[in-house]
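For reference, data-v1.tsv is printed below; it contains TSV, C-alpha atoms and all ligand atoms.
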```tsv
chain	number	residue	atom	x	y	z
K	1	MET	CA	-16.51	0.98	-8.70
K	2	THR	CA	-17.99	2.15	-11.98
K	3	GLY	CA	-17.67	5.89	-12.14
K	4	ALA	CA	-14.74	5.86	-9.73
K	5	ARG	CA	-13.25	9.34	-9.66
K	6	VAL	CA	-9.59	9.25	-10.68
K	7	LEU	CA	-7.09	12.06	-10.44
K	8	VAL	CA	-4.55	11.60	-13.24
K	9	VAL	CA	-1.28	13.49	-12.79
K	10	GLU	CA	0.61	13.37	-16.10
K	11	ASP	CA	2.73	16.06	-17.73
K	12	GLU	CA	3.24	14.42	-21.12
K	13	ALA	CA	0.46	15.62	-23.37
K	14	SER	CA	0.30	12.46	-25.47
K	15	PHE	CA	-0.03	10.19	-22.42
K	16	ALA	CA	-2.56	12.50	-20.82
K	17	ALA	CA	-4.71	12.57	-23.95
K	18	ALA	CA	-4.59	8.79	-24.35
K	19	LEU	CA	-5.53	8.26	-20.70
K	20	GLU	CA	-8.38	10.73	-20.88
K	21	VAL	CA	-9.98	8.84	-23.76
K	22	GLY	CA	-9.04	5.32	-22.68
K	23	LEU	CA	-10.02	5.59	-19.02
K	24	ALA	CA	-13.27	7.42	-19.78
K	25	ARG	CA	-14.18	4.56	-22.10
K	26	GLU	CA	-13.58	2.15	-19.19
K	27	GLY	CA	-16.13	4.09	-17.15
K	28	PHE	CA	-13.81	6.12	-14.94
K	29	ASP	CA	-14.52	9.72	-14.10
K	30	ILE	CA	-11.22	11.45	-14.91
K	31	GLU	CA	-9.65	14.68	-13.74
K	32	ILE	CA	-6.29	15.47	-15.32
K	33	VAL	CA	-3.61	17.82	-14.02
K	34	HIS	CA	-0.15	18.35	-15.49
K	35	ASP	CA	2.25	19.12	-12.65
K	36	GLY	CA	2.92	18.31	-9.01
K	37	VAL	CA	1.62	21.54	-7.53
K	38	ALA	CA	-1.63	21.30	-9.49
K	39	ALA	CA	-1.90	17.70	-8.23
K	40	LEU	CA	-1.85	18.83	-4.60
K	41	ASP	CA	-4.36	21.59	-5.36
K	42	ALA	CA	-6.69	19.05	-6.96
K	43	PHE	CA	-6.20	16.64	-4.05
K	44	GLU	CA	-7.10	19.41	-1.58
K	45	ARG	CA	-10.42	19.88	-3.38
K	46	GLY	CA	-10.99	16.19	-2.66
K	47	GLY	CA	-13.40	13.52	-3.79
K	48	HIS	CA	-10.98	11.18	-5.54
K	49	ASP	CA	-11.18	7.39	-5.24
K	50	LEU	CA	-7.76	6.82	-6.79
K	51	ILE	CA	-4.72	8.82	-7.83
K	52	LEU	CA	-2.61	7.89	-10.82
K	53	LEU	CA	0.64	9.69	-10.27
K	54	ASP	CA	3.46	10.14	-12.77
K	55	LEU	CA	6.87	10.19	-11.12
K	56	MET	CA	8.73	12.82	-13.14
K	57	LEU	CA	6.67	15.98	-13.01
K	58	PRO	CA	7.33	19.70	-13.35
K	59	ARG	CA	7.32	21.85	-10.20
K	60	LEU	CA	7.03	19.02	-7.65
K	61	SER	CA	8.04	15.38	-8.15
K	62	GLY	CA	5.66	12.46	-7.90
K	63	VAL	CA	7.52	11.24	-4.82
K	64	ASP	CA	6.98	14.58	-3.05
K	65	VAL	CA	3.33	14.66	-4.10
K	66	CYS	CA	2.85	11.10	-2.84
K	67	ARG	CA	4.49	11.83	0.49
K	68	GLU	CA	2.37	14.94	0.97
K	69	ILE	CA	-0.89	13.17	0.15
K	70	ARG	CA	0.00	10.20	2.36
K	71	ASN	CA	0.45	12.52	5.32
K	72	GLN	CA	-3.20	13.35	5.06
K	73	SER	CA	-5.02	10.50	3.40
K	74	SER	CA	-5.01	6.78	2.63
K	75	VAL	CA	-6.53	7.29	-0.85
K	76	PRO	CA	-5.11	4.60	-3.17
K	77	ILE	CA	-2.13	5.85	-5.21
K	78	ILE	CA	-0.64	4.13	-8.25
K	79	MET	CA	2.73	5.49	-9.32
K	80	VAL	CA	3.64	5.65	-13.00
K	81	THR	CA	7.34	5.41	-13.80
K	82	ALA	CA	9.70	4.93	-16.72
K	83	ARG	CA	11.88	1.82	-16.71
K	84	SER	CA	14.99	3.86	-16.07
K	85	GLU	CA	13.48	5.14	-12.82
K	86	GLU	CA	13.53	1.84	-10.90
K	87	LEU	CA	15.19	3.37	-7.86
K	88	ASP	CA	12.68	6.19	-7.68
K	89	THR	CA	9.95	3.58	-7.88
K	90	VAL	CA	11.18	2.00	-4.68
K	91	VAL	CA	11.25	5.43	-3.08
K	92	GLY	CA	7.67	5.92	-4.29
K	93	LEU	CA	6.55	2.74	-2.56
K	94	GLU	CA	8.45	3.76	0.53
K	95	VAL	CA	6.56	7.02	0.77
K	96	GLY	CA	3.27	5.17	0.56
K	97	ALA	CA	2.23	4.41	-3.02
K	98	ASP	CA	0.07	1.26	-3.19
K	99	ASP	CA	1.36	0.02	-6.50
K	100	TYR	CA	3.19	1.14	-9.61
K	101	VAL	CA	3.13	0.62	-13.35
K	102	THR	CA	6.05	1.10	-15.70
K	103	LYS	CA	5.90	3.06	-18.95
K	104	PRO	CA	5.22	2.03	-21.61
K	105	TYR	CA	2.22	0.18	-20.22
K	106	ARG	CA	-0.80	-1.30	-21.89
K	107	LEU	CA	-4.07	0.36	-21.00
K	108	ARG	CA	-5.53	-3.04	-20.16
K	109	GLU	CA	-2.81	-3.71	-17.62
K	110	LEU	CA	-3.22	-0.27	-16.07
K	111	VAL	CA	-7.00	-0.67	-15.80
K	112	ALA	CA	-6.56	-4.10	-14.16
K	113	ARG	CA	-4.26	-2.56	-11.53
K	114	MET	CA	-6.64	0.32	-10.95
K	115	ARG	CA	-9.61	-2.00	-10.47
K	116	ALA	CA	-7.64	-4.23	-8.11
K	117	VAL	CA	-6.57	-1.29	-5.94
K	118	LEU	CA	-10.10	0.14	-5.89
K	119	ARG	CA	-11.64	-3.22	-5.07
K	120	ARG	CA	-9.40	-3.66	-2.07
K	121	ALA	CA	-10.00	-0.13	-0.83
K	122	GLU	CA	-13.72	-0.81	-1.15
K	123	SER	CA	-13.70	-4.17	0.64
K	124	GLU	CA	-11.58	-2.67	3.41
K	125	GLY	CA	-14.20	0.06	3.83
K	126	LEU	CA	-17.00	-2.53	3.96
K	127	ARG	CA	-15.16	-4.68	6.43
K	128	SER	CA	-14.38	-1.86	8.82
K	129	GLY	CA	-18.09	-0.97	8.67
K	130	VAL	CA	-19.08	-4.51	9.65
K	131	GLU	CA	-16.53	-4.65	12.42
K	132	ALA	CA	-17.69	-1.36	13.82
K	133	VAL	CA	-21.10	-2.96	14.38
K	134	THR	CA	-19.90	-6.23	15.89
K	135	GLY	CA	-16.83	-4.61	17.41
K	136	ALA	CA	-17.56	-4.80	21.12
K	137	ALA	CA	-18.44	-8.50	21.03
K	138	GLU	CA	-15.48	-9.56	18.93
K	139	ALA	CA	-12.65	-7.22	19.71
K	140	HIS	CA	-10.11	-8.01	17.05
K	141	LYS	CA	-6.83	-7.37	18.74
K	142	VAL	CA	-3.53	-9.22	18.45
K	143	ARG	CA	-0.49	-8.70	20.59
K	144	VAL	CA	2.97	-10.02	19.85
K	145	GLY	CA	5.67	-8.81	22.17
K	146	GLU	CA	5.53	-5.05	22.31
K	147	VAL	CA	3.33	-4.64	19.27
K	148	VAL	CA	-0.47	-4.51	19.52
K	149	LEU	CA	-2.60	-4.46	16.41
K	150	ASP	CA	-6.27	-3.56	16.64
K	151	ARG	CA	-8.30	-4.18	13.49
K	152	ASP	CA	-11.43	-2.50	14.81
K	153	ARG	CA	-9.68	0.75	15.45
K	154	HIS	CA	-7.21	0.31	12.60
K	155	GLU	CA	-4.48	1.01	15.07
K	156	VAL	CA	-0.96	-0.26	15.73
K	157	LEU	CA	0.69	0.41	19.07
K	158	VAL	CA	4.42	-0.09	19.41
K	159	ARG	CA	5.70	0.05	22.96
K	160	GLY	CA	2.54	1.93	23.79
K	161	ASP	CA	2.83	4.52	21.02
K	162	ALA	CA	0.40	4.67	18.11
K	163	VAL	CA	2.16	4.22	14.78
K	164	ALA	CA	0.54	5.49	11.57
K	165	MET	CA	0.47	2.86	8.87
K	166	PRO	CA	-0.93	2.95	5.32
K	167	LEU	CA	-3.68	0.46	4.53
K	168	ARG	CA	-1.62	-2.13	2.66
K	169	GLU	CA	1.08	-2.24	5.31
K	170	PHE	CA	-1.55	-2.56	8.03
K	171	GLU	CA	-3.21	-5.46	6.23
K	172	LEU	CA	0.10	-7.20	5.69
K	173	LEU	CA	1.17	-6.82	9.31
K	174	ALA	CA	-2.28	-7.95	10.50
K	175	LEU	CA	-2.08	-11.09	8.39
K	176	LEU	CA	1.41	-11.90	9.67
K	177	MET	CA	0.56	-11.20	13.31
K	178	GLU	CA	-2.67	-13.17	13.21
K	179	ASN	CA	-0.61	-16.10	11.96
K	180	ALA	CA	2.28	-15.53	14.34
K	181	GLY	CA	4.75	-18.41	14.43
K	182	ARG	CA	3.67	-19.62	11.01
K	183	VAL	CA	5.62	-18.97	7.79
K	184	LEU	CA	3.52	-17.29	5.13
K	185	THR	CA	4.80	-17.75	1.60
K	186	ARG	CA	5.44	-14.85	-0.73
K	187	ASP	CA	2.73	-16.02	-3.13
K	188	MET	CA	0.20	-16.35	-0.35
K	189	LEU	CA	0.98	-12.87	1.00
K	190	ILE	CA	0.77	-11.28	-2.43
K	191	ASP	CA	-2.52	-13.08	-3.16
K	192	ARG	CA	-4.06	-12.03	0.12
K	193	ILE	CA	-2.90	-8.44	0.19
K	194	TRP	CA	-2.77	-7.45	-3.47
K	195	GLY	CA	-5.18	-10.01	-4.93
K	196	PHE	CA	-4.85	-13.11	-7.07
K	197	ASP	CA	-4.98	-10.95	-10.19
K	198	TYR	CA	-1.96	-8.91	-9.10
K	199	VAL	CA	0.33	-8.51	-12.07
K	200	GLY	CA	3.04	-6.40	-10.49
K	201	ASP	CA	6.52	-6.98	-9.30
K	202	THR	CA	7.06	-9.11	-6.19
K	203	LYS	CA	9.52	-6.44	-5.04
K	204	THR	CA	6.45	-4.56	-3.85
K	205	LEU	CA	6.06	-7.12	-1.05
K	206	ASP	CA	9.64	-6.63	0.14
K	207	VAL	CA	9.31	-2.87	0.10
K	208	HIS	CA	6.16	-3.07	2.21
K	209	VAL	CA	7.89	-5.37	4.70
K	210	LYS	CA	10.83	-2.99	4.85
K	211	ARG	CA	8.47	-0.11	5.57
K	212	ILE	CA	6.69	-2.06	8.30
K	213	ARG	CA	10.03	-2.89	9.91
K	214	SER	CA	11.11	0.73	9.87
K	215	ARG	CA	7.96	1.59	11.83
K	216	ILE	CA	7.83	-1.20	14.39
K	217	GLU	CA	11.26	-2.75	14.84
K	218	GLU	CA	13.76	-1.34	17.30
K	219	ASP	CA	16.52	-2.09	14.81
K	220	PRO	CA	14.95	-2.43	11.34
K	221	ARG	CA	18.16	-3.89	9.90
K	222	ASN	CA	18.07	-6.65	12.47
K	223	PRO	CA	14.34	-7.40	12.65
K	224	LYS	CA	13.05	-9.38	15.60
K	225	LEU	CA	9.33	-9.36	14.85
K	226	VAL	CA	8.82	-9.65	11.09
K	227	VAL	CA	11.52	-12.07	10.02
K	228	THR	CA	12.53	-13.27	6.57
K	229	VAL	CA	12.38	-16.99	5.89
K	230	ARG	CA	14.83	-17.18	3.05
K	231	GLY	CA	13.44	-18.53	-0.19
K	232	VAL	CA	9.97	-18.95	1.29
K	233	GLY	CA	8.43	-15.84	2.70
K	234	TYR	CA	7.97	-14.07	6.01
K	235	LYS	CA	6.73	-14.78	9.47
K	236	VAL	CA	6.08	-12.97	12.69
K	237	ASP	CA	8.29	-14.57	15.28
K	238	ARG	CA	6.79	-15.00	18.69
K	239	LYS	CA	9.72	-17.04	20.01
K	240	ASP	CA	11.76	-13.96	20.75
K	241	PHE	CA	8.97	-12.60	22.83
K	242	SER	CA	8.06	-15.70	24.82
K	243	GLU	CA	9.88	-14.41	27.90
K	244	SER	CA	7.34	-11.65	28.26
K	245	GLY	CA	4.61	-14.30	28.19
K	246	ARG	CA	2.26	-11.91	26.50
K	247	THR	CA	1.45	-13.19	23.10
K	248	ARG	CA	-2.11	-12.00	22.98
K	301	CA	CA	6.53	12.79	-16.60
```

This structure in structure tokens:
Amino acid sequence: MTGARVLVVEDEASFAAALEVGLAREGFDIEIVHDGVAALDAFERGGHDLILLDLMLPRLSGVDVCREIRNQSSVPIIMVTARSEELDTVVGLEVGADDYVTKPYRLRELVARMRAVLRRAESEGLRSGVEAVTGAAEAHKVRVGEVVLDRDRHEVLVRGDAVAMPLREFELLALLMENAGRVLTRDMLIDRIWGFDYVGDTKTLDVHVKRIRSRIEEDPRNPKLVVTVRGVGYKVDRKDFSESGRTR
């Protein structure tokens, strides 16, 4: 993780300068660009382990940049927003950002988020490597109703069609499906998916669930698979699918 290559997209000179010094001191290898178009150019050149993306940018907004990058890559993205941009933050998460921080932030908080996101990206990489080796013997596939999730192939099939899903959403759905029928609490889900040291907003969890529903539910506003257990958390319901008799 030391020496992780970070693309910083920040148009405000004072923030950019502070990040350049502060993040370099923390051992990150920083590349800074100052607008949305330059961000996509830099991304195309590749090699970044993490992207720190300001929301309000000249030429192309952070949301557009995020959406564009997400179409091509699962590189971790942390969105940086001002407090007044709450709504845009939710949009940012909906287009695939992994996390967000709100300005003004403390460098220590930002670095903690960056490390957490990098650590999870790294452990996911390691795990998929391990599973690729043991894959045939221990096919890691779960089926609930019309949804099949395959950890080895990092694939979700809904009614037979492959559905693209960013890493965090995939992990969250996998956890819920592997525990189908059981209620998983909000705290437990946040710990397992974002890490015990997660310092962000719990709204992030709800946004991820909403995104999952929009991909896999027939009617996302009336979810049948990933259901809310009010005041507690979420669960994958297998009851509704028992008629089909195919739970796995
Ligand atoms: Ca800005």

- Item | Separation of CA of Ile69 in chain K from CA of Glu122 in chain K in Å |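 Those two atoms sit 19.0 Å apart.
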
Taking all atoms listed in the file into account, produce a table as CSV in which each residue of chain K with an atom at most 7 Å from an atom of ligand CA 301 (chain K) appears once, together with its shortest atom pair and the distance in Å to one decimal, ordered by chain and rising number.
```
residue,atom,partner,partner_atom,distance
K:Glu10,CA,K:CA301,CA,6.0
K:Asp11,CA,K:CA301,CA,5.1
K:Glu12,CA,K:CA301,CA,5.8
K:Asp54,CA,K:CA301,CA,5.6
K:Leu55,CA,K:CA301,CA,6.1
K:Met56,CA,K:CA301,CA,4.1
K:Leu57,CA,K:CA301,CA,4.8
```

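The shortest atom-to-atom distance to Val142 in chain K, with only C-alpha atoms taken into account, belongs to K:Glu178 out of K:Val163, K:Tyr105, K:Ser123, K:Glu178.
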
- Mind giving me the straight-line distance from CA of Leu52 in chain K to CA of Ile77 in chain K in Å, one decimal?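 Atom-to-atom, CA of Leu52 in chain K and CA of Ile77 in chain K are spaced 6.0 Å apart.
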
Using all atoms of range 221-236 of chain K that appear in the file, construct an axis-aligned enclosing box with 3 Å of padding on every side and provide its centre coordinates and edge lengths in Å, rounded to one decimal, as AutoDock Vina command-line options.
```
--center_x 12.1 --center_y -11.4 --center_z 7.7 --size_x 18.1 --size_y 21.1 --size_z 21.8
```

- Message: I need the residue nearest Arg106 in chain K from this list: K:Leu184, K:Leu23, K:Val90, K:Val156. Use all atoms listed in the file for the distance.
- Response: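 Closest candidate: K:Leu23.
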
- Can you pull out every residue within 12 Å of Tyr198 in chain K, counting all atoms listed in the file, but drop anything in the same chain fewer than 3 positions away, and send it as a VMD selection string? chain K and resid 98 to 101 109 to 117 119 to 120 187 to 195 201 to 202 204 to 205

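Computed from the coordinates, the CA of Asp206 in chain K to CA of Ile78 in chain K distance equals 17.1 Å.
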
- Task: With a distance cut-off of 8 Å and all atoms listed in the file, select the neighbouring residues of Thr185 in chain K, excluding the residue or stretch itself and same-chain residues fewer than 4 positions from it, and output the selection as a list in words.
- Result: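 Within the cut-off, the hits are Leu189, Val232, Gly233 and Tyr234 of chain K.
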
- Select, from K:Gly96, K:Pro76, K:Pro58, K:Gly3, the residue with the minimum atom-to-atom distance to Arg211 in chain K, counting only C-alpha atoms. K:Gly96

- Item | Within 12 Å of file point (-1.4, 16.7, -11.7), counting all atoms listed in the file, expressed as an MDAnalysis selection string | chainID K and resid 6:13 16 30:44 51:62 65:66

- Residues near Val207 in chain K, cut-off 10 Å, only C-alpha atoms, skip fewer than 4 positions along chain, as a PyMOL selection string: chain K and resi 90-94+169+202-203+211-213

Sort by chain and increasing residue number a table of all residues of range 147-177 of chain K within 9 Å of range 224-231 of chain K, each with its closest pair of atoms and their distance in Å to one decimal, counting all atoms listed in the file, and write it as JSON lines.
```
{"residue": "K:Val147", "atom": "CA", "partner": "K:Leu225", "partner_atom": "CA", "distance": 8.8}
{"residue": "K:Leu173", "atom": "CA", "partner": "K:Val226", "partner_atom": "CA", "distance": 8.3}
{"residue": "K:Leu176", "atom": "CA", "partner": "K:Val226", "partner_atom": "CA", "distance": 7.9}
{"residue": "K:Met177", "atom": "CA", "partner": "K:Val226", "partner_atom": "CA", "distance": 8.7}
```

- Query: For Ala97 in chain K, which residue among K:Ala82, K:Pro166, K:Asp150, K:Gly160 is the nearest when counting only C-alpha atoms?
  - Reply: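 Nearest to Ala97 in chain K: K:Pro166.
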